[in-house]
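Colleague: Hey, dropping final-v1.cif in here, mmCIF, C-alpha atoms:
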```
data_input
#
loop_
_atom_site.label_atom_id
_atom_site.label_comp_id
_atom_site.auth_asym_id
_atom_site.auth_seq_id
_atom_site.Cartn_x
_atom_site.Cartn_y
_atom_site.Cartn_z
CA MET A 1 -19.15 43.64 188.78
CA ASN A 2 -19.16 45.96 185.77
CA ALA A 3 -22.74 46.94 184.95
CA ARG A 4 -22.61 45.63 181.43
CA ASN A 5 -20.93 42.25 182.00
CA SER A 6 -22.96 39.55 180.24
CA ALA A 7 -25.91 41.89 179.81
CA CYS A 8 -27.03 40.05 176.69
CA GLU A 9 -27.18 36.75 178.53
CA ARG A 10 -28.69 38.22 181.65
CA PHE A 11 -31.62 40.01 180.04
CA ARG A 12 -32.23 37.61 177.16
CA ALA A 13 -35.86 36.54 177.08
CA ARG A 14 -36.44 32.97 178.18
CA LYS A 15 -38.00 30.57 175.71
CA ASP A 16 -41.08 30.25 177.92
CA VAL A 17 -41.19 33.91 179.02
CA LYS A 18 -44.22 34.91 181.08
CA LEU A 19 -44.43 38.66 181.55
CA ARG A 20 -46.51 38.29 184.71
CA ASP A 21 -43.47 36.63 186.28
CA GLU A 22 -41.11 39.41 185.20
CA ASP A 23 -40.76 42.19 187.79
CA ALA A 24 -40.83 45.54 185.98
CA GLY A 25 -39.55 47.26 189.11
CA LEU A 26 -36.29 45.35 189.43
CA THR A 27 -33.02 47.31 189.39
CA PRO A 28 -30.37 44.56 189.29
CA LEU A 29 -27.54 46.75 188.01
CA ARG A 30 -28.23 49.29 190.76
CA GLU A 31 -27.58 46.66 193.41
CA GLU A 32 -24.38 45.60 191.69
CA ASN A 33 -23.14 49.19 191.77
CA GLY A 34 -23.24 49.44 195.55
CA ASP A 35 -26.86 50.20 196.43
CA LYS A 36 -27.95 46.77 197.65
CA ASN A 37 -28.06 47.80 201.29
CA GLY A 38 -29.31 51.31 200.79
CA ASP A 39 -27.68 54.62 200.06
CA LYS A 40 -27.34 57.67 202.27
CA ASN A 41 -28.44 59.76 199.32
CA GLY A 42 -31.45 57.51 198.64
CA LYS A 43 -32.81 56.75 195.21
CA GLY A 44 -31.73 60.16 193.99
CA GLY A 45 -28.07 59.25 194.46
CA ALA A 46 -28.55 55.89 192.75
CA LYS A 47 -30.28 57.51 189.78
CA GLN A 48 -27.53 60.09 189.50
CA ARG A 49 -24.93 57.34 189.31
CA GLU A 50 -27.03 55.47 186.74
CA ARG A 51 -27.21 58.55 184.56
CA ALA A 52 -23.45 59.04 184.80
CA LEU A 53 -22.71 55.40 183.99
CA THR A 54 -25.13 55.47 181.06
CA VAL A 55 -23.32 58.52 179.65
CA GLU A 56 -20.03 56.65 180.04
CA LEU A 57 -21.34 53.59 178.19
CA ILE A 58 -22.86 55.68 175.43
CA GLY A 59 -19.49 57.37 174.95
CA GLN A 60 -18.08 53.93 174.17
CA VAL A 61 -21.05 53.22 171.87
CA ALA A 62 -20.32 56.48 170.03
CA ARG A 63 -16.77 55.38 169.28
CA LEU A 64 -17.99 52.03 167.95
CA GLN A 65 -20.67 53.80 165.91
CA GLU A 66 -17.99 55.93 164.28
CA MET A 67 -16.08 52.75 163.48
CA LEU A 68 -19.25 51.17 162.05
CA TYR A 69 -19.89 54.24 159.89
CA ALA A 70 -16.29 54.42 158.67
CA SER A 71 -16.04 50.76 157.68
CA ARG A 72 -19.47 50.64 155.93
CA LYS A 73 -19.59 46.82 156.07
CA GLN A 74 -22.18 46.07 158.74
CA LYS A 75 -25.39 47.58 160.07
CA LEU A 76 -27.41 47.44 163.27
CA LEU A 77 -31.17 47.41 163.84
CA LEU A 78 -32.48 48.18 167.34
CA ILE A 79 -36.19 47.51 167.85
CA LEU A 80 -37.91 49.03 170.88
CA GLN A 81 -41.31 47.68 171.84
CA GLY A 82 -43.43 48.19 174.92
CA MET A 83 -46.76 49.32 176.25
CA ASP A 84 -47.64 53.03 176.16
CA THR A 85 -45.38 55.14 178.44
CA ALA A 86 -42.79 52.34 178.69
CA GLY A 87 -40.15 54.80 177.52
CA LYS A 88 -39.40 54.13 173.85
CA ASP A 89 -38.86 57.82 173.11
CA GLY A 90 -36.93 58.45 176.31
CA THR A 91 -34.66 55.48 175.71
CA THR A 92 -33.89 56.68 172.19
CA ARG A 93 -32.98 60.16 173.44
CA ALA A 94 -30.77 58.78 176.21
CA LEU A 95 -28.94 56.27 174.04
CA PHE A 96 -28.14 58.38 171.02
CA SER A 97 -27.38 61.82 172.43
CA GLN A 98 -23.69 61.41 171.55
CA ILE A 99 -24.15 59.60 168.24
CA SER A 100 -23.37 61.30 164.94
CA PRO A 101 -26.65 61.79 163.05
CA MET A 102 -24.86 60.86 159.82
CA GLY A 103 -24.91 57.20 160.79
CA LEU A 104 -28.24 57.09 162.60
CA GLN A 105 -31.85 56.88 161.54
CA ALA A 106 -34.83 56.66 163.87
CA THR A 107 -38.30 55.68 162.71
CA GLY A 108 -41.56 55.58 164.61
CA PHE A 109 -44.36 53.35 163.37
CA ALA A 110 -47.93 54.38 164.04
CA ALA A 111 -51.06 52.69 162.70
CA PRO A 112 -50.54 51.78 159.02
CA THR A 113 -51.85 54.21 156.44
CA GLU A 114 -54.25 53.18 153.70
CA ARG A 115 -51.32 52.93 151.27
CA GLU A 116 -49.37 50.76 153.69
CA ARG A 117 -52.35 48.48 154.27
CA ALA A 118 -52.51 47.89 150.52
CA HIS A 119 -49.17 46.01 150.78
CA ASP A 120 -47.95 43.11 152.87
CA PHE A 121 -47.36 44.05 156.51
CA LEU A 122 -43.56 44.01 156.16
CA TRP A 123 -43.54 46.39 153.21
CA ARG A 124 -43.52 49.59 155.25
CA VAL A 125 -40.64 48.54 157.51
CA HIS A 126 -38.30 47.19 154.85
CA ALA A 127 -37.67 50.64 153.39
CA HIS A 128 -36.40 51.86 156.78
CA MET A 129 -33.81 49.16 157.34
CA PRO A 130 -30.27 50.43 157.97
CA GLY A 131 -27.77 50.61 155.15
CA ASN A 132 -24.11 49.72 155.50
CA GLY A 133 -22.53 51.72 158.31
CA GLN A 134 -25.83 52.74 159.86
CA ILE A 135 -27.74 52.19 163.07
CA ALA A 136 -31.53 52.17 162.69
CA VAL A 137 -33.80 52.54 165.70
CA PHE A 138 -37.43 51.46 165.46
CA ASN A 139 -39.92 52.95 167.91
CA ARG A 140 -42.49 50.20 167.46
CA SER A 141 -42.05 48.03 164.40
CA HIS A 142 -43.42 45.16 162.33
CA TYR A 143 -44.36 43.56 165.64
CA GLU A 144 -47.31 45.92 165.86
CA ASP A 145 -48.86 43.79 163.12
CA VAL A 146 -48.94 40.72 165.36
CA LEU A 147 -50.07 42.67 168.42
CA VAL A 148 -52.78 45.22 167.66
CA PRO A 149 -54.74 43.31 165.00
CA ARG A 150 -54.59 40.16 167.11
CA VAL A 151 -55.98 41.87 170.22
CA LEU A 152 -58.64 43.66 168.17
CA GLY A 153 -59.63 40.41 166.48
CA ASP A 154 -58.68 41.57 162.98
CA ILE A 155 -56.52 38.48 162.45
CA ASP A 156 -57.07 34.99 163.80
CA GLY A 157 -54.59 32.60 165.35
CA LYS A 158 -53.76 30.97 162.04
CA GLU A 159 -52.87 34.29 160.42
CA CYS A 160 -50.88 35.30 163.48
CA LYS A 161 -48.76 32.14 163.27
CA ARG A 162 -48.25 32.76 159.56
CA ARG A 163 -46.97 36.26 160.33
CA PHE A 164 -44.64 34.93 163.02
CA ALA A 165 -43.10 32.62 160.43
CA GLN A 166 -42.73 35.50 157.97
CA ILE A 167 -41.06 37.63 160.63
CA ARG A 168 -38.63 34.82 161.42
CA ASP A 169 -37.74 34.51 157.73
CA PHE A 170 -37.44 38.28 157.36
CA GLU A 171 -35.12 38.70 160.34
CA ARG A 172 -33.02 35.73 159.27
CA MET A 173 -32.60 37.37 155.86
CA LEU A 174 -31.52 40.60 157.55
CA SER A 175 -28.96 38.73 159.64
CA GLU A 176 -27.59 36.81 156.68
CA SER A 177 -27.15 40.05 154.74
CA GLY A 178 -25.06 41.75 157.43
CA THR A 179 -27.61 43.32 159.79
CA THR A 180 -27.24 42.74 163.51
CA VAL A 181 -30.72 42.68 165.01
CA MET A 182 -31.48 43.35 168.68
CA LYS A 183 -35.03 43.55 170.01
CA VAL A 184 -35.87 45.12 173.36
CA PHE A 185 -39.16 44.85 175.21
CA LEU A 186 -39.43 47.66 177.76
CA HIS A 187 -41.43 46.00 180.52
CA ILE A 188 -43.47 48.49 182.52
CA SER A 189 -45.97 47.63 185.25
CA LYS A 190 -49.61 48.62 185.04
CA ASP A 191 -49.26 50.73 188.20
CA GLU A 192 -46.31 52.64 186.79
CA GLN A 193 -48.16 53.23 183.54
CA LYS A 194 -51.06 54.72 185.51
CA LYS A 195 -48.64 57.09 187.22
CA ARG A 196 -47.09 58.23 183.95
CA LEU A 197 -50.43 58.70 182.21
CA GLN A 198 -51.60 60.81 185.14
CA GLU A 199 -48.45 62.94 184.87
CA ARG A 200 -49.33 63.66 181.27
CA LEU A 201 -52.79 64.78 182.32
CA ASP A 202 -51.48 66.95 185.15
CA ASP A 203 -48.80 68.77 183.14
CA PRO A 204 -50.07 71.07 180.34
CA GLU A 205 -46.72 70.74 178.59
CA LYS A 206 -47.30 66.99 178.32
CA HIS A 207 -50.87 67.12 177.10
CA TRP A 208 -49.69 66.60 173.54
CA LYS A 209 -48.42 63.17 174.60
CA PHE A 210 -51.78 62.05 175.93
CA ASP A 211 -54.00 60.12 173.58
CA PRO A 212 -57.42 59.06 174.93
CA THR A 213 -57.15 55.86 172.89
CA ASP A 214 -54.31 54.84 175.23
CA LEU A 215 -56.95 54.22 177.88
CA GLY A 216 -58.67 51.70 175.63
CA VAL A 217 -55.39 49.86 175.17
CA ARG A 218 -54.89 49.95 178.93
CA ASP A 219 -58.27 48.28 179.39
CA GLN A 220 -56.91 45.40 177.31
CA TRP A 221 -53.69 45.14 179.29
CA ASP A 222 -53.80 41.38 179.86
CA ALA A 223 -54.58 40.66 176.22
CA TYR A 224 -51.59 42.73 175.08
CA GLN A 225 -49.33 41.04 177.62
CA ARG A 226 -50.32 37.64 176.22
CA ALA A 227 -49.82 38.89 172.66
CA TYR A 228 -46.35 40.12 173.53
CA GLU A 229 -45.48 36.81 175.20
CA ASP A 230 -46.49 34.85 172.12
CA ALA A 231 -44.62 37.19 169.78
CA ILE A 232 -41.44 37.06 171.85
CA GLN A 233 -41.57 33.28 172.23
CA ALA A 234 -42.22 32.78 168.50
CA THR A 235 -39.45 35.07 167.22
CA ASN A 236 -36.70 34.88 169.84
CA ALA A 237 -33.67 33.63 167.90
CA ASP A 238 -29.91 33.81 168.36
CA HIS A 239 -29.61 35.95 165.22
CA ALA A 240 -32.46 38.22 166.37
CA PRO A 241 -32.68 37.97 170.17
CA TRP A 242 -35.31 39.50 172.43
CA TYR A 243 -34.30 41.20 175.68
CA ILE A 244 -36.71 41.90 178.55
CA VAL A 245 -35.80 45.17 180.29
CA PRO A 246 -37.51 46.20 183.54
CA ALA A 247 -38.66 49.75 182.80
CA ASP A 248 -40.37 51.17 185.89
CA SER A 249 -37.16 53.07 186.66
CA LYS A 250 -36.27 55.32 183.73
CA THR A 251 -32.60 55.72 184.65
CA HIS A 252 -32.13 52.01 185.25
CA ARG A 253 -33.95 51.18 182.01
CA ASN A 254 -31.56 53.40 180.09
CA LEU A 255 -28.54 51.87 181.82
CA ILE A 256 -29.62 48.35 180.90
CA VAL A 257 -30.33 49.18 177.25
CA ALA A 258 -27.03 51.07 176.99
CA SER A 259 -25.28 47.98 178.37
CA LEU A 260 -27.05 45.74 175.85
CA LEU A 261 -26.26 48.05 172.96
CA LEU A 262 -22.58 48.35 173.83
CA GLU A 263 -22.16 44.61 174.31
CA THR A 264 -23.98 43.90 171.04
CA MET A 265 -21.73 46.30 169.14
CA GLU A 266 -18.61 44.85 170.75
CA ARG A 267 -19.69 41.42 169.51
CA MET A 268 -19.82 42.81 165.96
CA LYS A 269 -15.98 42.96 166.08
CA LEU A 270 -15.83 46.30 164.33
CA SER A 271 -12.55 47.75 163.09
CA TRP A 272 -11.29 50.86 161.37
CA PRO A 273 -11.00 50.60 157.58
CA ALA A 274 -7.59 50.47 155.98
CA PRO A 275 -6.29 53.82 154.67
CA LYS A 276 -6.78 54.56 150.99
CA ALA A 277 -3.06 55.15 150.51
CA ASP A 278 0.28 54.65 152.25
CA LEU A 279 -0.03 57.58 154.62
CA ALA A 280 3.63 57.29 155.61
CA THR A 281 4.53 58.75 152.23
CA VAL A 282 2.00 61.57 152.33
CA LYS A 283 3.31 65.09 152.95
CA ILE A 284 1.19 68.16 153.42
CA ASP A 285 2.83 71.34 152.18
#
```
Now, as a test, write the supplied structure out as structure tokens.
Modeller:
Amino acid sequence: MNARNSACERFRARKDVKLRDEDAGLTPLREENGDKNGDKNGKGGAKQRERALTVELIGQVARLQEMLYASRKQKLLLILQGMDTAGKDGTTRALFSQISPMGLQATGFAAPTERERAHDFLWRVHAHMPGNGQIAVFNRSHYEDVLVPRVLGDIDGKECKRRFAQIRDFERMLSESGTTVMKVFLHISKDEQKKRLQERLDDPEKHWKFDPTDLGVRDQWDAYQRAYEDAIQATNADHAPWYIVPADSKTHRNLIVASLLLETMERMKLSWPAPKADLATVKID
């Protein structure tokens, strides 16, 4: 089976998703590509094939992105969410290495600034939405405002439900105005996160990535998992679907998201724009 067949259906979040029941270590596309019963080259060989297949899929994405940019009629928003070290940065690098920067914008959302907090919680994200012909990638997003403040107790359940409703309205408006929305939760296990955090501590070149506050978030792991479950269940819609991607394997994570992205763009039914003149009559001296 081709690795990307029905990826959107396969990894679509269930209505009653429970993250504790989702295995972050699964590699379903690896098995389908011939590694079910082992590989004489071990995991290294499987990862090498996953990297190669991801590059192949992203080449097809690049062609569709050029078509999207040329036609200037539609736009695409990709939201990446996940616990610390789940691979939001790495996924972005892997997926868009072949994409023309002219039609791409990537935005990372940290804690809101004082100016941002003076507005409604959607104010800071709206300005970064893609324009016609563009792909926008969000590393974290407006979903932070129904995750962090909820876990910290800054908003109560009533306010959280109100924000869910506002997000649903917001994403429906985006869809109705020509934006294809796809939302990906990179699902990493607590054990794998520990390993990656330790790697940052052990490697001086990765010290800049380590934030001691990440340990406080890790201490609240279960609370964040429940917050994510509620957010996904409350905002999972056909016009703005959530996908749950097992992310303990970096190469397999990238392969799945590449498959989802390609299939999503194929469903947009993109086409090249008509020429501005009858080119059959044009002669270049």
Colleague: Identify which of the residues A:Ile155, A:Ala70, A:Val17, A:Ile244 lies closest to A:Met182, counting all atoms listed in the file when measuring atom-to-atom distances.
Modeller: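 Between A:Ile155, A:Ala70, A:Val17, A:Ile244, the residue approaching A:Met182 most closely is A:Ile244.
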Colleague: Translate the PyMOL selection byres ((chain A and resi 93-107) around 7), as applied to the file shown, into an explicit residue set as an mmCIF file with C-alpha atoms, in the coordinates of the input.
Modeller:
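As a result, out_4.cif now contains:
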```cif
data_model
loop_
_atom_site.group_PDB
_atom_site.id
_atom_site.type_symbol
_atom_site.label_atom_id
_atom_site.label_comp_id
_atom_site.auth_asym_id
_atom_site.auth_seq_id
_atom_site.Cartn_x
_atom_site.Cartn_y
_atom_site.Cartn_z
ATOM 1 C CA ILE A 58 -22.860 55.680 175.430
ATOM 2 C CA GLY A 59 -19.490 57.370 174.950
ATOM 3 C CA ALA A 62 -20.320 56.480 170.030
ATOM 4 C CA TYR A 69 -19.890 54.240 159.890
ATOM 5 C CA ASP A 89 -38.860 57.820 173.110
ATOM 6 C CA GLY A 90 -36.930 58.450 176.310
ATOM 7 C CA THR A 91 -34.660 55.480 175.710
ATOM 8 C CA THR A 92 -33.890 56.680 172.190
ATOM 9 C CA GLY A 108 -41.560 55.580 164.610
ATOM 10 C CA PHE A 109 -44.360 53.350 163.370
ATOM 11 C CA GLY A 133 -22.530 51.720 158.310
ATOM 12 C CA GLN A 134 -25.830 52.740 159.860
ATOM 13 C CA ILE A 135 -27.740 52.190 163.070
ATOM 14 C CA ALA A 136 -31.530 52.170 162.690
ATOM 15 C CA VAL A 137 -33.800 52.540 165.700
ATOM 16 C CA PHE A 138 -37.430 51.460 165.460
ATOM 17 C CA ASN A 139 -39.920 52.950 167.910
ATOM 18 C CA ASN A 254 -31.560 53.400 180.090
ATOM 19 C CA ALA A 258 -27.030 51.070 176.990
#
```
Colleague: Excluding A:Ser71 and any residue of its chain fewer than 2 positions from it, enumerate the residues within 7 Å of it, using only C-alpha atoms, and give them as an NGL selection string.
Modeller: :A and (67-69 or 73 or 133 or 272-273)
Colleague: Determine, using only C-alpha atoms, which residues of stretch 29-146 of chain A have any atom at most 12 Å from an atom of stretch 234-240 of chain A, and tabulate each with its shortest atom pair and distance in Å to one decimal place, rows ordered by chain and then rising number, as CSV.
Modeller:
```
residue,atom,partner,partner_atom,distance
A:Leu76,CA,A:Ala240,CA,11.0
A:Leu77,CA,A:Ala240,CA,9.6
A:Leu78,CA,A:Ala240,CA,10.0
A:Ile79,CA,A:Ala240,CA,10.1
A:His142,CA,A:Thr235,CA,11.9
A:Tyr143,CA,A:Thr235,CA,9.9
A:Val146,CA,A:Ala234,CA,10.9
```
Colleague: Suppose we keep C-alpha atoms; can you now write the selection as a short mmCIF file (atom, residue, chain, number, x, y, z; two decimals), keeping the file's coordinate frame?
Modeller:
```
data_model
loop_
_atom_site.label_atom_id
_atom_site.label_comp_id
_atom_site.auth_asym_id
_atom_site.auth_seq_id
_atom_site.Cartn_x
_atom_site.Cartn_y
_atom_site.Cartn_z
CA LEU A 76 -27.41 47.44 163.27
CA LEU A 77 -31.17 47.41 163.84
CA LEU A 78 -32.48 48.18 167.34
CA ILE A 79 -36.19 47.51 167.85
CA HIS A 142 -43.42 45.16 162.33
CA TYR A 143 -44.36 43.56 165.64
CA VAL A 146 -48.94 40.72 165.36
#
```
Colleague: Could you write out as JSON, numbers by chain the residues that the PyMOL selection byres ((chain A and resi 248) around 8) matches in the shown file?
Modeller: {"A": [24, 25, 26, 86, 187, 188, 189, 192, 246, 247, 249, 250, 253]}
Colleague: Where does stretch 203-261 of chain A meet stretch 5-10 of chain A within 12 Å, residue by residue, with the nearest atom pair and distance in Å to one decimal for each, counting all atoms listed in the file, listed by chain and rising number, as CSV?
Modeller:
```
residue,atom,partner,partner_atom,distance
A:Asp238,CA,A:Cys8,CA,10.8
A:Ala240,CA,A:Cys8,CA,11.8
A:Pro241,CA,A:Cys8,CA,8.9
A:Trp242,CA,A:Cys8,CA,9.3
A:Tyr243,CA,A:Cys8,CA,7.4
A:Ile244,CA,A:Arg10,CA,9.4
A:Val245,CA,A:Arg10,CA,10.0
A:Leu255,CA,A:Ala7,CA,10.5
A:Ile256,CA,A:Ala7,CA,7.5
A:Val257,CA,A:Ala7,CA,8.9
A:Ala258,CA,A:Ala7,CA,9.7
A:Ser259,CA,A:Ala7,CA,6.3
A:Leu260,CA,A:Ala7,CA,5.6
A:Leu261,CA,A:Cys8,CA,8.9
```
Colleague: Applied to the shown file, which residues does the PyMOL selection byres ((chain A and resi 171) around 10) return, written as a VMD selection string?
Modeller: chain A and resid 166 to 170 172 to 177 179 to 181 235 237 239 to 240
Colleague: Give the answer as one residue: which of A:Gln233, A:Gln65, A:Thr85, A:Gln48 has the shortest atom-to-atom distance to A:Thr264, using all atoms listed in the file?
Modeller: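 Selected residue with least distance to A:Thr264: A:Gln65.
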Colleague: So, with only C-alpha atoms as the atoms that count, which of A:Asn132, A:Asp202, A:Pro275, A:Ala111 lies closest to A:Arg72?
Modeller: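 So, comparing all the options, the nearest one is A:Asn132.
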Colleague: Give me, please, the distance in Å between atom CA of A:Leu19 and atom CA of A:Gly82, quoted to one decimal.
Modeller: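 Pair atom CA of A:Leu19 / atom CA of A:Gly82 returns 11.7 Å.
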Colleague: List the residues sitting within 12 Å of (-44.8, 39.9, 173.3) in the file's frame, using only C-alpha atoms, as an MDAnalysis selection string.
Modeller: chainID A and resid 13:20 80:83 143:148 150:151 164 183:187 221:236 242:244
Colleague: By how many Å are atom CA of A:Val282 and atom CA of A:Glu66 apart?
Modeller: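 About the pair atom CA of A:Val282 and atom CA of A:Glu66: they are 24.0 Å apart.
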Colleague: Between atom CA of A:Glu266 and atom CA of A:Val61, measure the distance and give it in Å to one decimal.
Modeller: 8.8 Å
Colleague: Give me, as number ranges by chain, all polymer residues having an atom no more than 10 Å from A:Arg124, counting all atoms listed in the file and skipping those fewer than 6 positions away in the same chain.
Modeller: A: 109, 112-113, 115-117, 141-142
